[in-house]
Each structure stands twice: as structure tokens, then as C-alpha cells.
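Text of protein11.txt (compact mmCIF, C-alpha atoms) as supplied:
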```txt
# COMPACT_ATOMS: atom_id res chain seq x y z
CA MET A 19 94.95 98.68 136.34
CA HIS A 20 98.10 100.72 136.92
CA PRO A 21 100.98 99.05 135.01
CA SER A 22 103.28 99.15 138.03
CA ARG A 23 100.75 97.14 140.07
CA ALA A 24 99.49 94.72 137.41
CA ARG A 25 100.75 91.17 137.57
CA SER A 26 102.35 89.81 134.42
CA ALA A 27 99.31 87.66 133.60
CA VAL A 28 97.04 90.71 133.92
CA ARG A 29 99.32 92.78 131.67
CA ALA A 30 99.29 89.99 129.10
CA LEU A 31 95.50 89.85 129.22
CA MET A 32 95.18 93.59 128.61
CA HIS A 33 97.88 93.78 125.96
CA VAL A 34 96.65 94.68 122.49
CA ASP A 35 98.74 93.85 119.43
CA LEU A 36 98.39 96.74 117.03
CA LEU A 37 100.11 95.16 114.06
CA HIS A 38 99.21 91.89 112.39
CA ALA A 39 99.76 90.58 108.88
CA ARG A 40 96.00 90.70 108.33
CA VAL A 41 96.00 94.53 108.50
CA LEU A 42 98.87 94.93 106.02
CA THR A 43 98.67 95.76 102.34
CA ALA A 44 101.66 94.76 100.24
CA PRO A 45 102.82 96.87 97.28
CA LEU A 46 102.73 94.83 94.08
CA LEU A 47 104.94 96.36 91.39
CA VAL A 48 104.01 94.67 88.12
CA LEU A 49 106.82 94.71 85.56
CA PRO A 50 107.16 93.70 81.90
CA LYS A 51 110.02 91.34 82.77
CA LYS A 52 111.86 90.09 85.83
CA THR A 53 115.23 91.75 85.31
CA GLN A 54 114.35 95.43 85.10
CA GLY A 55 115.98 98.20 87.10
CA PRO A 56 116.81 98.04 90.82
CA GLY A 57 115.31 95.15 92.75
CA LEU A 58 112.57 96.17 95.16
CA PRO A 59 110.29 94.11 97.41
CA GLY A 60 107.06 93.21 95.65
CA ALA A 61 108.43 93.79 92.14
CA VAL A 62 107.41 90.86 89.93
CA PRO A 63 106.69 90.21 86.25
CA LEU A 64 103.05 89.80 85.31
CA SER A 65 103.50 86.04 84.95
CA GLN A 66 104.30 85.72 88.67
CA VAL A 67 101.48 87.83 90.10
CA GLY A 68 99.27 84.84 90.98
CA ILE A 69 102.08 82.88 92.64
CA THR A 70 103.16 85.95 94.60
CA VAL A 71 99.77 86.86 96.03
CA ARG A 72 99.02 83.25 96.98
CA ARG A 73 102.27 83.20 98.94
CA TRP A 74 101.39 86.49 100.64
CA ALA A 75 97.90 85.22 101.47
CA GLY A 76 99.53 82.21 103.12
CA LEU A 77 101.42 84.64 105.37
CA GLY A 78 98.16 86.27 106.41
CA ILE A 79 98.34 89.37 104.21
CA ARG A 80 94.89 90.36 102.99
CA GLY A 81 95.53 93.30 100.68
CA VAL A 82 97.72 94.42 97.79
CA LYS A 83 98.20 97.79 96.13
CA ILE A 84 99.02 97.40 92.46
CA PHE A 85 101.37 99.63 90.51
CA ALA A 86 101.86 98.69 86.86
CA TYR A 87 104.72 99.58 84.58
CA GLY A 88 103.03 101.28 81.64
CA ASN A 89 102.78 99.85 78.18
CA ARG A 90 102.91 102.24 75.23
CA ARG A 91 103.13 105.85 76.38
CA ASP A 92 101.84 109.04 74.78
CA MET A 93 100.84 112.56 75.76
CA TRP A 94 97.23 111.50 76.50
CA ALA A 95 98.03 108.24 78.40
CA THR A 96 95.70 106.35 76.07
CA ALA A 97 97.14 102.94 76.98
CA ALA A 98 95.86 103.43 80.54
CA LEU A 99 92.33 102.85 79.24
CA GLN A 100 93.00 100.12 76.71
CA ARG A 101 91.68 96.64 77.37
CA GLY A 102 94.34 94.15 78.31
CA ASN A 103 96.84 96.66 79.69
CA ARG A 104 99.19 95.46 82.41
CA MET A 105 97.20 97.01 85.28
CA LEU A 106 93.91 95.42 84.27
CA VAL A 107 95.47 92.02 83.67
CA ALA A 108 97.23 92.21 87.05
CA ILE A 109 93.95 92.98 88.86
CA GLU A 110 92.35 89.98 87.23
CA ALA A 111 95.34 87.77 88.09
CA VAL A 112 95.15 88.73 91.78
CA LYS A 113 91.42 88.07 92.00
CA ASN A 114 91.74 84.76 90.19
CA ALA A 115 94.51 83.63 92.53
CA VAL A 116 93.01 84.91 95.83
CA PRO A 117 89.41 86.10 95.30
CA ASP A 118 89.07 87.71 98.74
CA MET A 119 92.37 89.62 98.51
CA VAL A 120 91.58 93.35 98.79
CA VAL A 121 92.92 95.09 95.69
CA THR A 122 93.86 98.77 95.70
CA THR A 123 95.09 100.37 92.49
CA GLU A 124 97.13 103.44 91.65
CA VAL A 125 95.11 105.89 89.58
CA CYS A 126 97.62 108.25 88.00
CA GLY A 127 99.04 109.17 84.64
CA CYS A 128 102.74 108.80 85.49
CA SER A 129 103.07 105.20 84.23
CA TRP A 130 101.26 106.00 80.98
CA THR A 131 102.32 109.49 79.87
CA HIS A 132 105.27 110.02 77.54
CA ASN A 133 106.84 112.51 79.98
CA GLY A 134 106.22 110.59 83.21
CA GLU A 135 103.85 113.25 84.54
CA CYS A 136 100.91 112.48 86.81
CA ALA A 137 98.69 114.91 84.91
CA LEU A 138 97.93 115.69 81.29
CA PHE A 139 99.22 118.98 79.94
CA THR A 140 98.07 121.48 77.34
CA PRO A 141 100.40 122.29 74.41
CA ASP A 142 101.54 125.44 76.23
CA GLY A 143 102.67 123.45 79.29
CA GLN A 144 99.73 124.01 81.65
CA VAL A 145 97.96 121.22 83.54
CA ASP A 146 94.84 120.27 81.60
CA ARG A 147 92.58 119.77 84.59
CA SER A 148 89.51 118.68 82.65
CA ALA A 149 91.42 116.07 80.64
CA THR A 150 93.28 114.87 83.74
CA PHE A 151 90.08 114.45 85.72
CA GLY A 152 88.51 112.56 82.84
CA LEU A 153 91.50 110.24 82.59
CA MET A 154 91.60 109.52 86.32
CA ALA A 155 87.85 108.91 86.53
CA ALA A 156 87.90 106.55 83.55
CA MET A 157 90.95 104.70 84.93
CA ALA A 158 89.26 104.25 88.30
CA HIS A 159 86.12 102.92 86.62
CA ALA A 160 88.11 100.47 84.47
CA HIS A 161 90.00 99.21 87.51
CA ALA A 162 86.78 98.77 89.48
CA GLU A 163 85.11 96.92 86.63
CA GLN A 164 88.06 94.53 86.59
CA GLY A 165 87.68 93.85 90.32
CA ALA A 166 89.53 96.57 92.24
CA ASP A 167 88.02 97.19 95.67
CA ILE A 168 89.71 100.54 96.33
CA VAL A 169 91.13 103.11 93.90
CA SER A 170 93.86 105.49 94.94
CA PRO A 171 94.09 108.81 93.05
CA THR A 172 97.75 109.74 93.40
CA ALA A 173 97.96 112.89 91.27
CA MET A 174 97.45 115.48 93.99
CA ILE A 175 95.30 117.92 92.04
CA ASP A 176 92.34 119.50 93.79
CA GLY A 177 89.11 118.25 92.23
CA SER A 178 90.52 114.88 91.15
CA VAL A 179 89.07 112.93 94.08
CA ARG A 180 85.62 114.43 93.50
CA ALA A 181 85.83 113.53 89.80
CA VAL A 182 86.68 109.91 90.63
CA ARG A 183 84.07 109.57 93.38
CA ASP A 184 81.30 111.07 91.27
CA TYR A 185 82.12 108.93 88.24
CA LEU A 186 82.07 105.73 90.28
CA ASN A 187 78.76 106.71 91.88
CA GLN A 188 77.20 107.58 88.54
CA ASN A 189 78.24 104.22 87.11
CA GLY A 190 76.76 102.07 89.87
CA MET A 191 79.91 101.59 91.96
CA PRO A 192 79.27 103.50 95.21
CA ASP A 193 80.83 100.66 97.22
CA VAL A 194 84.27 101.02 95.60
CA GLY A 195 86.49 102.92 98.03
CA VAL A 196 88.46 106.05 97.14
CA ASN A 197 91.74 106.47 99.03
CA PRO A 198 93.83 109.41 97.75
CA ASN A 199 97.45 110.16 98.57
CA LEU A 200 98.91 112.69 100.95
CA ALA A 201 102.40 112.60 99.42
CA VAL A 202 105.25 114.63 100.90
CA HIS A 203 108.03 115.59 98.49
CA THR A 204 111.11 113.45 99.11
CA CYS A 205 114.08 111.89 97.36
CA LEU A 206 113.05 108.54 98.90
CA TYR A 207 110.77 107.93 95.92
CA GLY A 208 113.87 107.62 93.73
CA PRO A 209 114.25 103.80 93.60
CA PHE A 210 110.53 103.32 92.92
CA LYS A 211 110.48 105.92 90.15
CA ALA A 212 113.58 104.43 88.55
CA LEU A 213 112.11 100.92 88.60
CA MET A 214 108.67 101.91 87.35
CA GLY A 215 109.85 104.49 84.83
CA THR A 216 107.90 107.35 86.37
CA ASN A 217 110.59 110.02 86.66
CA PRO A 218 109.01 113.16 85.17
CA ASP A 219 110.97 114.93 82.45
CA ARG A 220 111.03 118.14 84.46
CA GLY A 221 112.89 116.36 87.28
CA ASP A 222 110.43 116.43 90.19
CA ARG A 223 106.75 116.67 91.09
CA ARG A 224 106.86 119.80 93.20
CA GLY A 225 103.52 121.50 92.92
CA MET A 226 101.77 118.11 93.04
CA GLN A 227 103.21 117.02 96.40
CA LEU A 228 103.35 118.58 99.85
CA GLU A 229 106.51 120.51 100.68
CA ALA A 230 108.31 118.91 103.62
CA GLY A 231 108.92 122.25 105.35
CA ARG A 232 105.19 123.07 105.40
CA ALA A 233 103.78 119.56 105.62
CA ASP A 234 102.89 119.79 109.32
CA ARG A 235 100.24 122.39 108.38
CA ASP A 236 99.45 121.59 104.78
CA VAL A 237 98.78 117.88 105.37
CA LEU A 238 95.76 118.73 107.51
CA LEU A 239 94.43 121.21 104.95
CA GLN A 240 94.81 118.68 102.15
CA ALA A 241 93.20 115.95 104.23
CA ASP A 242 90.17 118.18 104.75
CA ARG A 243 89.97 118.88 101.02
CA TRP A 244 90.11 115.20 100.10
CA LEU A 245 87.44 114.32 102.65
CA ALA A 246 85.21 117.12 101.37
CA GLU A 247 85.62 115.67 97.86
CA GLY A 248 84.42 112.26 99.00
CA ALA A 249 87.52 110.32 100.11
CA ASP A 250 86.80 107.24 102.22
CA ALA A 251 90.35 106.89 103.59
CA LEU A 252 93.74 108.61 103.28
CA THR A 253 97.24 107.38 102.49
CA LEU A 254 100.28 109.18 103.91
CA GLN A 255 103.70 108.69 102.36
CA PRO A 256 106.61 108.31 102.96
CA VAL A 257 105.69 107.35 106.49
CA LEU A 258 109.25 106.60 107.67
CA THR A 259 110.08 110.31 107.81
CA CYS A 260 106.49 111.48 108.46
CA THR A 261 105.40 109.76 111.66
CA ASP A 262 104.75 113.20 113.19
CA LEU A 263 102.27 113.88 110.39
CA LEU A 264 100.63 110.51 110.96
CA VAL A 265 100.02 111.43 114.60
CA ARG A 266 98.57 114.80 113.59
CA LEU A 267 96.26 113.16 111.06
CA ARG A 268 95.08 110.55 113.54
CA ASP A 269 94.00 113.33 115.91
CA HIS A 270 92.45 115.33 113.07
CA VAL A 271 90.38 112.86 111.01
CA ARG A 272 88.10 109.92 111.72
CA VAL A 273 88.63 107.87 108.58
CA PRO A 274 91.03 104.95 108.05
CA LEU A 275 94.67 105.99 107.54
CA VAL A 276 97.14 104.01 105.48
CA ALA A 277 100.77 104.51 106.47
CA TYR A 278 102.63 103.79 103.24
CA SER A 279 106.32 102.96 103.24
CA THR A 280 107.69 103.78 99.81
CA SER A 281 109.17 100.62 98.36
CA GLY A 282 112.70 100.24 99.71
CA GLU A 283 112.57 103.57 101.53
CA TYR A 284 114.72 102.54 104.51
CA ALA A 285 117.39 101.13 102.21
CA ALA A 286 117.13 104.29 100.11
CA LEU A 287 117.47 106.54 103.15
CA THR A 288 120.60 104.80 104.38
CA ALA A 289 122.17 104.64 100.91
CA LEU A 290 121.51 108.21 99.80
CA GLY A 291 124.47 109.79 101.53
CA GLU A 292 124.07 113.57 101.66
CA GLN A 293 120.55 113.41 100.19
CA GLY A 294 119.55 111.03 102.96
CA LEU A 295 120.98 113.47 105.48
CA VAL A 296 118.77 116.19 103.98
CA GLU A 297 115.70 113.98 104.56
CA TYR A 298 116.80 113.37 108.14
CA HIS A 299 117.19 117.10 108.77
CA ALA A 300 113.77 117.76 107.25
CA GLY A 301 112.31 115.28 109.73
CA LEU A 302 114.09 117.04 112.59
CA LEU A 303 112.67 120.39 111.52
CA ARG A 304 109.15 119.00 111.60
CA ALA A 305 109.79 117.51 115.05
CA GLY A 306 109.86 121.00 116.55
CA ALA A 307 112.14 123.91 117.29
CA ASP A 308 112.95 122.72 120.81
CA LEU A 309 114.48 119.52 119.48
CA ILE A 310 116.48 121.45 116.89
CA LEU A 311 117.77 123.88 119.49
CA THR A 312 118.72 121.04 121.81
CA TYR A 313 120.54 119.27 118.99
CA ALA A 314 122.33 122.48 118.00
CA ALA A 315 123.33 123.17 121.61
CA GLU A 316 124.76 119.68 121.94
CA GLN A 317 126.75 120.12 118.74
CA VAL A 318 128.13 123.47 119.91
CA ALA A 319 129.06 121.99 123.29
CA ARG A 320 130.89 119.12 121.61
CA ALA A 321 132.75 121.53 119.33
CA LEU A 322 133.83 123.67 122.29
CA GLU A 323 134.92 120.59 124.23
CA ALA A 324 136.97 119.37 121.27
CA ALA A 325 138.63 122.77 120.92
CA ARG A 326 139.89 122.83 124.50
```
Would you write out, as C-alpha cells, the structure that this file holds?
Amino acid sequence: MHPSRARSAVRALMHVDLLHARVLTAPLLVLPKKTQGPGLPGAVPLSQVGITVRRWAGLGIRGVKIFAYGNRRDMWATAALQRGNRMLVAIEAVKNAVPDMVVTTEVCGCSWTHNGECALFTPDGQVDRSATFGLMAAMAHAHAEQGADIVSPTAMIDGSVRAVRDYLNQNGMPDVGVNPNLAVHTCLYGPFKALMGTNPDRGDRRGMQLEAGRADRDVLLQADRWLAEGADALTLQPVLTCTDLLVRLRDHVRVPLVAYSTSGEYAALTALGEQGLVEYHAGLLRAGADLILTYAAEQVARALEAAR
């Protein structure tokens, strides 16, 4: 039925709502205490996890993704695998409060390493791929044993998704989903990193995230790699400035896509001043040269008009 000819009742009948609370996953940032760092949505102390997820379930939300502020940190992230750490207790608290809530967990070293890095490093400063893969696989298994339904490897190191998928399969957990990140480098992660204590000592995670200027091409290459390694779904972040990439991915893959808004990213974008402007310009560049040229032409025309 052509929309210009359809009566209002017919249009209403054919309308499809694409967004409901039941398809949302809420980020759950589990902290040691309530008053810690900048306030962000979903940031709660461990003692309030059950209350929080019951309230969300009452709103119709059926999934949470848990990030946990690390306990003791060291160069090998040993606390990430200790019984009773904050991540494992949080998973249990969610499942006890709302048993059918879908739990996704972050599988990464950044909350557990002494330097805030996603990976483990050798003494000479190189990524220790074997040790990192072992850590991520063991973390994923521990989370799944505690009740996690989906694990999300977030250290973007080729081979890590395969290590996690294989370890889960070998340990009788083929039905636990693996949903790795497609993370584009951005300053919008700042508030989250500050709150969760995951700022790396070297200042940024370039080399483990997609460069914004190449993301329109590299995101598809990385998606193919993750799928070849056994990923069941993909998470793109930060989606606010990457909707063009989301469209490209939707045309490119046939697995579920999670569009992740970094906690507080809109507030961060509007409050970042010049840094926020840089993010905006990066988005414009990805939108295509024609748009940039049009924008530039308009700016030149305005300047000439003002000079008359």
C-alpha cells in the first residue's frame, strides 16, 4: 500500500515499532561504593545490584551487560579469576534477583591489570598474546559458570575470540554466546574509564581499537575476522557517532548487532568542548566527501557574505 494512499487505520496496522524495552540491554557498572567518580546511568554499588535489576525488569528490560570495578590489581590480572570477585558476585546477584534476565559480561583485563591495559604484557613491553588469550578464555569460562549467558571479549586482539569460543566449547558450554566488540577510538569513553578506573597508563588504547578515519573500511574487515573466529553477534561502539558504520554492518553481516551507547556518551559529547567538536568532525568525514564539500562551501559563502 503506497503511503500517500493508505488510510490512517491502514498505516497504523502496517506500522512496526522497532524499539521496545524488551530488546534493550542496560549497562550495569558495579562499583565498590556508591560515591565513586562521576555519576553515570547504571552505576551502582554491589549491594544494590538486585534492587536495580528488579526495577529494570519491571520496566520491561530483559538484559544487562555487567562491567565490574576491579578488586586488587596486578600485572597478571589474577583477581579476575579469583572466586568471589566483584564480577562473579554481580552475575550471581542478577540471576538471583531476576533469573531470566539475560546477562552479558565484559571479558577484558582493563579492570584487573595494574596499568589499566586490556592485554597482558611481557617485561619488554610487548603484548603477551598467549597469556592474554588464556586470561580471557578463563574469565569467560568463570563468568559462564556463574550464570552469564553471553560473554563479550572487549580486548580487540586477533585470535582472542577464537580462544574464548574454543575454551567454552571444550568445557561443555557451546550454548554460551560470544559477542566481541567493534570499538572505534574516541574520547567519549572518558567518563566511563574515569569511573571504572580503566584509563591505561600509556594514555589511550590505539592499536586495540579501530581508527575513526579508517573505520568505514576496517569495521567490515574486523567483523569478518570475528565471525571467522566464532562470534555469534557483534557490538559496535560508540554508536552515537557511528550510525554510518551500523548501516554498513547491517548490510554486510547476518548476525545480531548490538548498538552500544557508551555510558553517558551524549552528555560527554556535549560537554567536551573542543574534543567534542573533533568527534563531530570525525563523524562528518565518515559521512562522505560530498557532505564535507557542501559544508565547506556553505562556510565559505557565509564568510564572503559577512565580509561584504
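Taking CA of Ala149 (chain A) as the reference point, CA of Glu124 (chain A) is found at 17.7 Å.
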Tell me, in Å to one decimal, how far CA of Val145 (chain A) is from CA of Leu252 (chain A). 23.8 Å
So which residues are close to (108.1, 102.4, 104.6), meaning at most 6 Å away in the file's coordinates with all atoms listed in the file counted, and can you show them as JSON, numbers by chain? {"A": [257, 258, 278, 279, 280, 283]}
Which one of A:Phe151, A:Ala111, A:Ala160, A:Val265 sits closest to Asn189 (chain A) if you count all atoms listed in the file? A:Ala160
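Between CA of Gly208 (chain A) and CA of Asp92 (chain A) the separation is 22.5 Å.
Nearest-residue note for Pro274 (chain A): choosing from A:Val41, A:Met157, A:Val62, A:Ala173, the minimum distance belongs to A:Val41, counting all atoms listed in the file.
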Near Ser148 (chain A), counting only C-alpha atoms, which residues have an atom at most 10 Å away, once you skip same-chain residues fewer than 6 positions from it, shown as a CSV table (one decimal) with C-alpha atoms, in the frame of the given file?
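In the end it all went to selection.csv:
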```
chain,number,residue,atom,x,y,z
A,138,LEU,CA,97.9,115.7,81.3
A,177,GLY,CA,89.1,118.2,92.2
A,178,SER,CA,90.5,114.9,91.2
A,181,ALA,CA,85.8,113.5,89.8
```
For region 236-238 of chain A, list every protein, DNA or RNA residue within 7 Å, evaluated using only C-alpha atoms, and leave out those in the same chain fewer than 4 positions away; present the list as number ranges by chain. A: 200, 228, 232, 242, 267
I need the residue nearest Val121 (chain A) from this list: A:Arg104, A:Arg40, A:Lys211, A:Arg80. Use all atoms listed in the file for the distance. A:Arg80
So that I can see what lies close to Gln100 (chain A), please list as a JSON list (two decimals) with C-alpha atoms, in the coordinates of the input the residues with an atom at most 12 Å from it, counting all atoms listed in the file and leaving out residues fewer than 6 positions away in the same chain.
```
[["chain", "number", "residue", "atom", "x", "y", "z"],
["A", 88, "GLY", "CA", 103.03, 101.28, 81.64],
["A", 89, "ASN", "CA", 102.78, 99.85, 78.18],
["A", 90, "ARG", "CA", 102.91, 102.24, 75.23],
["A", 91, "ARG", "CA", 103.13, 105.85, 76.38],
["A", 106, "LEU", "CA", 93.91, 95.42, 84.27],
["A", 107, "VAL", "CA", 95.47, 92.02, 83.67],
["A", 130, "TRP", "CA", 101.26, 106.00, 80.98],
["A", 153, "LEU", "CA", 91.50, 110.24, 82.59],
["A", 156, "ALA", "CA", 87.90, 106.55, 83.55],
["A", 157, "MET", "CA", 90.95, 104.70, 84.93],
["A", 160, "ALA", "CA", 88.11, 100.47, 84.47],
["A", 161, "HIS", "CA", 90.00, 99.21, 87.51]]
```
